[in-house]
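Participant: Below you'll find target_11.txt; it's compact mmCIF, C-alpha atoms and all ligand atoms.
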# COMPACT_ATOMS: atom_id res chain seq x y z
CA MET P 1 -57.79 44.31 62.70
CA ARG P 2 -56.80 41.47 60.41
CA GLU P 3 -58.22 41.77 56.88
CA GLU P 4 -60.55 38.94 55.83
CA GLY P 5 -59.64 37.10 52.66
CA PHE P 6 -61.94 36.70 49.66
CA LEU P 7 -62.48 33.63 47.52
CA ARG P 8 -61.26 33.46 43.93
CA ALA P 9 -59.71 31.06 41.43
CA ALA P 10 -55.93 31.00 41.58
CA ILE P 11 -53.89 32.62 38.80
CA GLU P 12 -50.30 32.08 37.67
CA ASP P 13 -49.15 35.07 39.76
CA ASP P 14 -50.16 33.07 42.87
CA LEU P 15 -47.69 30.26 42.20
CA ASP P 16 -45.02 31.43 44.68
CA GLU P 17 -47.62 31.84 47.42
CA LEU P 18 -49.23 28.48 46.60
CA VAL P 19 -45.88 26.71 46.93
CA ALA P 20 -45.27 28.58 50.21
CA LEU P 21 -48.62 27.33 51.53
CA TRP P 22 -47.75 23.84 50.33
CA ALA P 23 -44.49 24.01 52.31
CA HIS P 24 -46.56 24.66 55.45
CA TYR P 25 -48.96 21.88 54.51
CA ILE P 26 -46.04 19.47 54.16
CA ARG P 27 -44.56 20.63 57.46
CA ASP P 28 -47.90 19.87 59.12
CA HIS P 29 -47.51 16.31 57.77
CA LYS P 30 -43.90 15.89 58.85
CA HIS P 31 -44.58 12.66 60.74
CA ASN P 32 -46.49 11.00 57.90
CA PRO P 33 -44.27 8.92 55.56
CA ALA P 34 -46.78 9.27 52.72
CA TYR P 35 -46.19 13.02 52.60
CA ASN P 36 -42.89 13.84 54.27
CA ARG P 37 -40.30 12.32 51.96
CA ILE P 38 -39.92 15.06 49.40
CA VAL P 39 -37.49 14.58 46.52
CA ARG P 40 -34.78 17.20 45.98
CA THR P 41 -36.72 18.83 43.15
CA GLY P 42 -40.07 18.40 44.92
CA PHE P 43 -40.91 22.08 45.24
CA VAL P 44 -40.15 22.70 41.58
CA SER P 45 -42.40 19.88 40.42
CA ARG P 46 -45.15 20.84 42.88
CA ARG P 47 -45.04 24.37 41.44
CA ALA P 48 -45.42 22.88 37.95
CA ALA P 49 -48.34 20.75 39.18
CA PHE P 50 -50.08 23.84 40.61
CA ALA P 51 -49.49 25.65 37.31
CA ASN P 52 -51.01 22.72 35.48
CA ASP P 53 -54.02 22.65 37.82
CA ILE P 54 -54.59 26.38 37.22
CA ARG P 55 -54.42 26.00 33.42
CA ASP P 56 -56.06 22.62 32.88
CA GLU P 57 -59.82 22.56 32.28
CA ASP P 58 -60.08 19.28 34.23
CA ALA P 59 -58.73 20.96 37.36
CA ALA P 60 -59.04 24.09 39.46
CA VAL P 61 -57.30 25.81 42.34
CA PHE P 62 -59.29 28.09 44.65
CA VAL P 63 -57.73 30.44 47.14
CA MET P 64 -58.69 32.75 49.97
CA ALA P 65 -56.82 35.86 48.87
CA ARG P 66 -55.93 39.07 50.68
CA ARG P 67 -55.68 42.47 49.01
CA ASP P 68 -51.93 42.60 49.75
CA GLY P 69 -51.47 39.60 47.44
CA GLY P 70 -51.02 37.09 50.24
CA LEU P 71 -53.10 33.92 50.45
CA ASP P 72 -54.86 32.67 53.58
CA GLY P 73 -55.81 29.28 52.17
CA MET P 74 -56.06 27.03 49.15
CA ILE P 75 -57.77 23.95 47.77
CA THR P 76 -57.09 22.01 44.58
CA CYS P 77 -59.64 20.00 42.58
CA ARG P 78 -58.96 17.62 39.72
CA ILE P 79 -61.11 15.19 37.77
CA GLU P 80 -59.86 11.66 38.24
CA LEU P 81 -60.95 8.62 36.26
CA ASN P 82 -62.19 5.70 38.31
CA LYS P 83 -61.18 2.11 37.50
CA PRO P 84 -63.13 1.14 34.37
CA TYR P 85 -65.10 -1.50 36.29
CA PHE P 86 -66.30 0.85 39.08
CA GLN P 87 -68.82 3.66 39.18
CA PRO P 88 -68.85 6.58 39.05
CA HIS P 89 -66.71 6.75 35.94
CA ARG P 90 -65.18 10.04 37.11
CA PHE P 91 -64.91 11.81 40.45
CA GLY P 92 -63.36 15.02 41.71
CA ARG P 93 -60.25 14.63 43.78
CA ILE P 94 -59.82 17.33 46.40
CA GLN P 95 -56.20 17.97 47.33
CA THR P 96 -54.17 20.10 49.72
CA PRO P 97 -56.92 21.86 51.65
CA TYR P 98 -54.88 24.29 53.72
CA VAL P 99 -55.66 27.41 55.75
CA ARG P 100 -52.97 29.49 57.49
CA PRO P 101 -53.07 29.07 61.29
CA ASP P 102 -54.01 32.72 61.91
CA ALA P 103 -56.94 32.44 59.46
CA ARG P 104 -58.44 29.23 60.87
CA ARG P 105 -61.81 28.72 62.55
CA ARG P 106 -63.44 31.47 60.50
CA GLY P 107 -65.11 29.34 57.86
CA ASN P 108 -62.32 29.57 55.26
CA LEU P 109 -62.23 25.83 54.63
CA LYS P 110 -66.01 25.88 54.26
CA ARG P 111 -65.73 28.65 51.64
CA LEU P 112 -63.04 26.73 49.76
CA LEU P 113 -65.09 23.54 49.88
CA ALA P 114 -68.20 25.34 48.64
CA ALA P 115 -66.13 26.50 45.64
CA ALA P 116 -64.95 22.92 45.09
CA TYR P 117 -68.55 21.63 45.15
CA ARG P 118 -69.61 24.37 42.72
CA TRP P 119 -66.73 23.35 40.42
CA ALA P 120 -67.79 19.68 40.72
CA ARG P 121 -71.31 20.55 39.62
CA GLU P 122 -70.03 22.58 36.69
CA LYS P 123 -68.05 19.50 35.66
CA GLU P 124 -71.16 17.32 36.09
CA LEU P 125 -69.50 15.17 38.75
CA LEU P 126 -71.52 13.11 41.20
CA GLU P 127 -68.85 12.68 43.83
CA VAL P 128 -65.69 14.17 45.32
CA ARG P 129 -62.99 12.32 47.23
CA LEU P 130 -60.58 13.66 49.80
CA TYR P 131 -57.42 11.90 51.00
CA VAL P 132 -56.64 12.56 54.65
CA GLY P 133 -53.55 11.33 56.51
CA ALA P 134 -54.54 8.57 58.94
CA ASP P 135 -52.56 10.35 61.69
CA ASN P 136 -54.28 13.71 61.09
CA VAL P 137 -56.81 13.47 63.91
CA VAL P 138 -58.19 17.00 63.54
CA ALA P 139 -58.55 16.82 59.73
CA ASN P 140 -60.28 13.43 59.99
CA ALA P 141 -62.71 14.83 62.57
CA ILE P 142 -63.39 17.86 60.37
CA ALA P 143 -63.86 15.70 57.26
CA GLU P 144 -66.30 13.49 59.16
CA GLU P 145 -68.21 16.52 60.43
CA LEU P 146 -68.39 17.97 56.91
CA GLY P 147 -69.94 14.78 55.56
CA PHE P 148 -66.99 12.88 54.07
CA ASP P 149 -67.43 9.16 54.74
CA ALA P 150 -64.24 7.11 55.11
CA VAL P 151 -64.36 4.47 52.34
CA ALA P 152 -60.78 3.12 52.23
CA VAL P 153 -57.61 3.05 54.30
CA VAL P 154 -54.19 3.09 52.63
CA ARG P 155 -51.76 1.04 54.71
CA ARG P 156 -48.02 1.26 54.27
CA LYS P 157 -45.29 -1.25 55.06
CA ALA P 158 -41.59 -0.68 54.38
CA ILE P 159 -39.80 -3.58 52.70
CA ASP P 160 -37.07 -4.84 55.03
CA TRP P 161 -34.09 -5.79 52.84
CA SER P 162 -32.09 -7.13 55.79
CA ARG P 163 -34.30 -10.17 56.42
CA PRO P 164 -35.86 -12.83 54.22
CA PRO P 165 -39.49 -12.06 53.32
CA GLU P 166 -40.73 -15.23 55.08
CA SER P 167 -39.32 -14.13 58.44
CA GLN P 168 -41.06 -10.76 58.13
CA VAL P 169 -44.38 -12.48 57.63
CA LYS P 170 -43.73 -14.89 60.53
CA ASP P 171 -43.03 -11.99 62.92
CA HIS P 172 -46.59 -10.91 62.48
CA GLU P 173 -48.26 -14.27 63.07
C1 LIG H 201 -58.15 21.59 58.24
C2 LIG H 201 -58.16 23.08 57.95
C3 LIG H 201 -58.05 23.30 56.43
C4 LIG H 201 -59.46 23.73 58.47
O1 LIG H 201 -59.52 25.08 58.03
P1 LIG H 201 -60.47 26.18 58.73
O2 LIG H 201 -60.56 27.35 57.83
O3 LIG H 201 -60.02 26.43 60.12
O4 LIG H 201 -61.88 25.45 58.77
P2 LIG H 201 -63.31 26.15 58.97
O5 LIG H 201 -63.15 27.38 59.84
O6 LIG H 201 -63.97 26.34 57.65
O7 LIG H 201 -64.06 25.06 59.81
C5 LIG H 201 -64.93 24.13 59.21
C6 LIG H 201 -65.47 23.19 60.29
O8 LIG H 201 -64.48 22.24 60.60
C7 LIG H 201 -64.52 22.00 62.03
N1 LIG H 201 -63.23 22.39 62.61
C8 LIG H 201 -62.33 23.28 62.10
N2 LIG H 201 -61.22 23.31 62.86
C9 LIG H 201 -61.41 22.42 63.85
C10 LIG H 201 -60.61 21.99 64.94
N3 LIG H 201 -59.37 22.48 65.15
N4 LIG H 201 -61.11 21.05 65.75
C11 LIG H 201 -62.35 20.54 65.54
N5 LIG H 201 -63.16 20.90 64.52
C12 LIG H 201 -62.69 21.83 63.70
C13 LIG H 201 -65.67 22.78 62.58
O9 LIG H 201 -66.83 21.97 62.51
C14 LIG H 201 -65.77 23.89 61.61
O10 LIG H 201 -67.06 24.41 61.52
P3 LIG H 201 -67.54 25.50 62.64
O11 LIG H 201 -66.39 26.43 62.86
O12 LIG H 201 -68.72 26.14 61.98
O13 LIG H 201 -67.85 24.71 63.86
C15 LIG H 201 -56.97 23.78 58.68
O14 LIG H 201 -57.03 23.45 60.04
C16 LIG H 201 -55.62 23.35 58.12
O15 LIG H 201 -55.15 23.91 57.15
N6 LIG H 201 -54.97 22.35 58.74
C17 LIG H 201 -53.65 21.87 58.30
C18 LIG H 201 -53.71 21.17 56.96
C19 LIG H 201 -54.62 19.99 56.98
O16 LIG H 201 -54.63 19.18 57.90
N7 LIG H 201 -55.42 19.90 55.93
C20 LIG H 201 -56.36 18.83 55.76
C21 LIG H 201 -55.68 17.72 55.07
S1 LIG H 201 -56.88 16.67 54.31
Could you write out this file's structure as structure tokens?

Facilitator:
Amino acid sequence: MREEGFLRAAIEDDLDELVALWAHYIRDHKHNPAYNRIVRTGFVSRRAAFANDIRDEDAAVFVMARRDGGLDGMITCRIELNKPYFQPHRFGRIQTPYVRPDARRRGNLKRLLAAAYRWAREKELLEVRLYVGADNVVANAIAEELGFDAVAVVRRKAIDWSRPPESQVKDHE
């Protein structure tokens, strides 16, 4: 039978596994232009960002770990400052929630989220925010079910250098 993972904070020894999970996460977003255009050194800088999140007291990485050293899932939390004219002054940003396909539907995301909420309370935060790809139907449904209200939509438009700006606006009248 498959061994269940256990929750813990990530350590530097997890970095290779974290980047491997991130590669899967990115592959799951391969049709989303906000996440799929990775620069040549992207994996190196993502590894450095994970390392920073593990070390930094304003951030945390939680994992579902197996005894063989493998990871079944991860979640990253980081304190982000709001615009100075909006409240709350700070919120927790939840990033890269990911669970391996063969470890899904067993409450692993819920365990990771509970750890993120515990972390948020320790940091005296009043709110967490989660960014979900607009095309990620399942993740949006899960987020909704787990109580995350949608408060903003990021819309993207590529700049067309082959036509004058005015004609691009006219096309959409
Ligand atoms: C989204 C993801 C992290 C969920 O992980 P998980 O460990 O399977 O989630 P859980 O088992 O804790 O499920 C939590 C709840 O979400 C809902 N849920 C989970 N998977 C679902 C699915 N495929 N369809 C509908 N609802 C689902 C259920 O309400 C579930 O609670 P329940 O099992 O008690 O009914 C996982 O599917 C994943 O890694 N997907 C790819 C990456 C991704 O899209 N991440 C989110 C980006 S913001």

Participant: Using all atoms listed in the file, find each residue with an atom at most 8 Å away from ligand LIG 201 (chain H) and format the answer as a PyMOL selection string.

Facilitator: chain P and resi 25+28-29+73+95-101+103-112+130-133+136+138-143+145-146

Participant: Please list as JSON, numbers by chain every residue within 9 Å of Gly92 in chain P, counting all atoms listed in the file and excluding residues in the same chain fewer than 3 positions away.

Facilitator: {"P": [59, 77, 78, 79, 80, 81, 116, 120, 123, 125, 126, 127, 128, 129, 130]}

Participant: Work out how far apart CA of His89 in chain P and CA of Glu124 in chain P are and give it in Å to one decimal.

Facilitator: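 Those two atoms sit 11.5 Å apart.
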
Participant: Please indicate the distance in Å from CA of Gln168 in chain P to CA of Asn32 in chain P, rounded to one decimal place.

Facilitator: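 Computed distance, CA of Gln168 in chain P to CA of Asn32 in chain P, equals 22.4 Å.
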
Participant: In Å, with one decimal, what is the gap from CA of Arg156 in chain P to CA of Arg46 in chain P?

Facilitator: 22.8 Å

Participant: For a quick check of understanding, using all atoms listed in the file, which of P:Val44, P:Trp119, P:Ala114, P:Glu166 has the smallest distance to Glu57 in chain P?

Facilitator: P:Trp119

Participant: Could range 67-92 of chain P be completed with N, CA and C atoms and written as a PDB file, keeping the file's coordinate frame, please?

Facilitator:
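Result written to part.pdb:
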ATOM      1  N   ARG P  67     -55.937  41.378  49.964  1.00  0.00           N
ATOM      2  CA  ARG P  67     -55.680  42.470  49.010  1.00  0.00           C
ATOM      3  C   ARG P  67     -54.183  42.731  48.848  1.00  0.00           C
ATOM      4  N   ASP P  68     -53.380  42.374  49.863  1.00  0.00           N
ATOM      5  CA  ASP P  68     -51.930  42.600  49.750  1.00  0.00           C
ATOM      6  C   ASP P  68     -51.248  41.532  48.892  1.00  0.00           C
ATOM      7  N   GLY P  69     -52.047  40.618  48.305  1.00  0.00           N
ATOM      8  CA  GLY P  69     -51.470  39.600  47.440  1.00  0.00           C
ATOM      9  C   GLY P  69     -51.188  38.289  48.146  1.00  0.00           C
ATOM     10  N   GLY P  70     -51.241  38.324  49.471  1.00  0.00           N
ATOM     11  CA  GLY P  70     -51.020  37.090  50.240  1.00  0.00           C
ATOM     12  C   GLY P  70     -52.226  36.169  50.143  1.00  0.00           C
ATOM     13  N   LEU P  71     -52.006  34.902  50.448  1.00  0.00           N
ATOM     14  CA  LEU P  71     -53.100  33.920  50.450  1.00  0.00           C
ATOM     15  C   LEU P  71     -53.294  33.359  51.847  1.00  0.00           C
ATOM     16  N   ASP P  72     -54.553  33.248  52.271  1.00  0.00           N
ATOM     17  CA  ASP P  72     -54.860  32.670  53.580  1.00  0.00           C
ATOM     18  C   ASP P  72     -55.146  31.174  53.484  1.00  0.00           C
ATOM     19  N   GLY P  73     -55.490  30.700  52.285  1.00  0.00           N
ATOM     20  CA  GLY P  73     -55.810  29.280  52.170  1.00  0.00           C
ATOM     21  C   GLY P  73     -55.942  28.860  50.725  1.00  0.00           C
ATOM     22  N   MET P  74     -55.963  27.561  50.534  1.00  0.00           N
ATOM     23  CA  MET P  74     -56.060  27.030  49.150  1.00  0.00           C
ATOM     24  C   MET P  74     -56.745  25.668  49.161  1.00  0.00           C
ATOM     25  N   ILE P  75     -57.245  25.295  47.982  1.00  0.00           N
ATOM     26  CA  ILE P  75     -57.770  23.950  47.770  1.00  0.00           C
ATOM     27  C   ILE P  75     -57.605  23.638  46.277  1.00  0.00           C
ATOM     28  N   THR P  76     -57.272  22.408  45.974  1.00  0.00           N
ATOM     29  CA  THR P  76     -57.090  22.010  44.580  1.00  0.00           C
ATOM     30  C   THR P  76     -58.111  20.933  44.236  1.00  0.00           C
ATOM     31  N   CYS P  77     -58.659  21.004  43.032  1.00  0.00           N
ATOM     32  CA  CYS P  77     -59.640  20.000  42.580  1.00  0.00           C
ATOM     33  C   CYS P  77     -59.189  19.481  41.224  1.00  0.00           C
ATOM     34  N   ARG P  78     -59.340  18.201  41.035  1.00  0.00           N
ATOM     35  CA  ARG P  78     -58.960  17.620  39.720  1.00  0.00           C
ATOM     36  C   ARG P  78     -59.878  16.444  39.416  1.00  0.00           C
ATOM     37  N   ILE P  79     -60.301  16.340  38.167  1.00  0.00           N
ATOM     38  CA  ILE P  79     -61.110  15.190  37.770  1.00  0.00           C
ATOM     39  C   ILE P  79     -60.211  13.972  37.664  1.00  0.00           C
ATOM     40  N   GLU P  80     -60.636  12.903  38.315  1.00  0.00           N
ATOM     41  CA  GLU P  80     -59.860  11.660  38.240  1.00  0.00           C
ATOM     42  C   GLU P  80     -60.759  10.573  37.669  1.00  0.00           C
ATOM     43  N   LEU P  81     -60.179   9.725  36.812  1.00  0.00           N
ATOM     44  CA  LEU P  81     -60.950   8.620  36.260  1.00  0.00           C
ATOM     45  C   LEU P  81     -60.942   7.465  37.252  1.00  0.00           C
ATOM     46  N   ASN P  82     -62.096   6.879  37.452  1.00  0.00           N
ATOM     47  CA  ASN P  82     -62.190   5.700  38.310  1.00  0.00           C
ATOM     48  C   ASN P  82     -61.696   4.479  37.533  1.00  0.00           C
ATOM     49  N   LYS P  83     -61.477   3.353  38.210  1.00  0.00           N
ATOM     50  CA  LYS P  83     -61.180   2.110  37.500  1.00  0.00           C
ATOM     51  C   LYS P  83     -62.348   1.838  36.553  1.00  0.00           C
ATOM     52  N   PRO P  84     -62.054   1.271  35.367  1.00  0.00           N
ATOM     53  CA  PRO P  84     -63.130   1.140  34.370  1.00  0.00           C
ATOM     54  C   PRO P  84     -64.280   0.259  34.830  1.00  0.00           C
ATOM     55  N   TYR P  85     -64.048  -0.578  35.854  1.00  0.00           N
ATOM     56  CA  TYR P  85     -65.100  -1.500  36.290  1.00  0.00           C
ATOM     57  C   TYR P  85     -65.877  -0.961  37.494  1.00  0.00           C
ATOM     58  N   PHE P  86     -65.574   0.273  37.948  1.00  0.00           N
ATOM     59  CA  PHE P  86     -66.300   0.850  39.080  1.00  0.00           C
ATOM     60  C   PHE P  86     -67.038   2.120  38.660  1.00  0.00           C
ATOM     61  N   GLN P  87     -68.109   2.392  39.362  1.00  0.00           N
ATOM     62  CA  GLN P  87     -68.820   3.660  39.180  1.00  0.00           C
ATOM     63  C   GLN P  87     -68.554   4.550  40.390  1.00  0.00           C
ATOM     64  N   PRO P  88     -68.617   5.842  40.280  1.00  0.00           N
ATOM     65  CA  PRO P  88     -68.850   6.580  39.050  1.00  0.00           C
ATOM     66  C   PRO P  88     -67.594   6.541  38.162  1.00  0.00           C
ATOM     67  N   HIS P  89     -67.806   6.785  36.899  1.00  0.00           N
ATOM     68  CA  HIS P  89     -66.710   6.750  35.940  1.00  0.00           C
ATOM     69  C   HIS P  89     -65.640   7.796  36.268  1.00  0.00           C
ATOM     70  N   ARG P  90     -66.098   8.960  36.757  1.00  0.00           N
ATOM     71  CA  ARG P  90     -65.180  10.040  37.110  1.00  0.00           C
ATOM     72  C   ARG P  90     -65.569  10.604  38.465  1.00  0.00           C
ATOM     73  N   PHE P  91     -64.599  11.083  39.204  1.00  0.00           N
ATOM     74  CA  PHE P  91     -64.910  11.810  40.450  1.00  0.00           C
ATOM     75  C   PHE P  91     -63.935  12.969  40.584  1.00  0.00           C
ATOM     76  N   GLY P  92     -64.254  13.871  41.482  1.00  0.00           N
ATOM     77  CA  GLY P  92     -63.360  15.020  41.710  1.00  0.00           C
ATOM     78  C   GLY P  92     -62.449  14.696  42.878  1.00  0.00           C
TER      79      GLY P  92
END
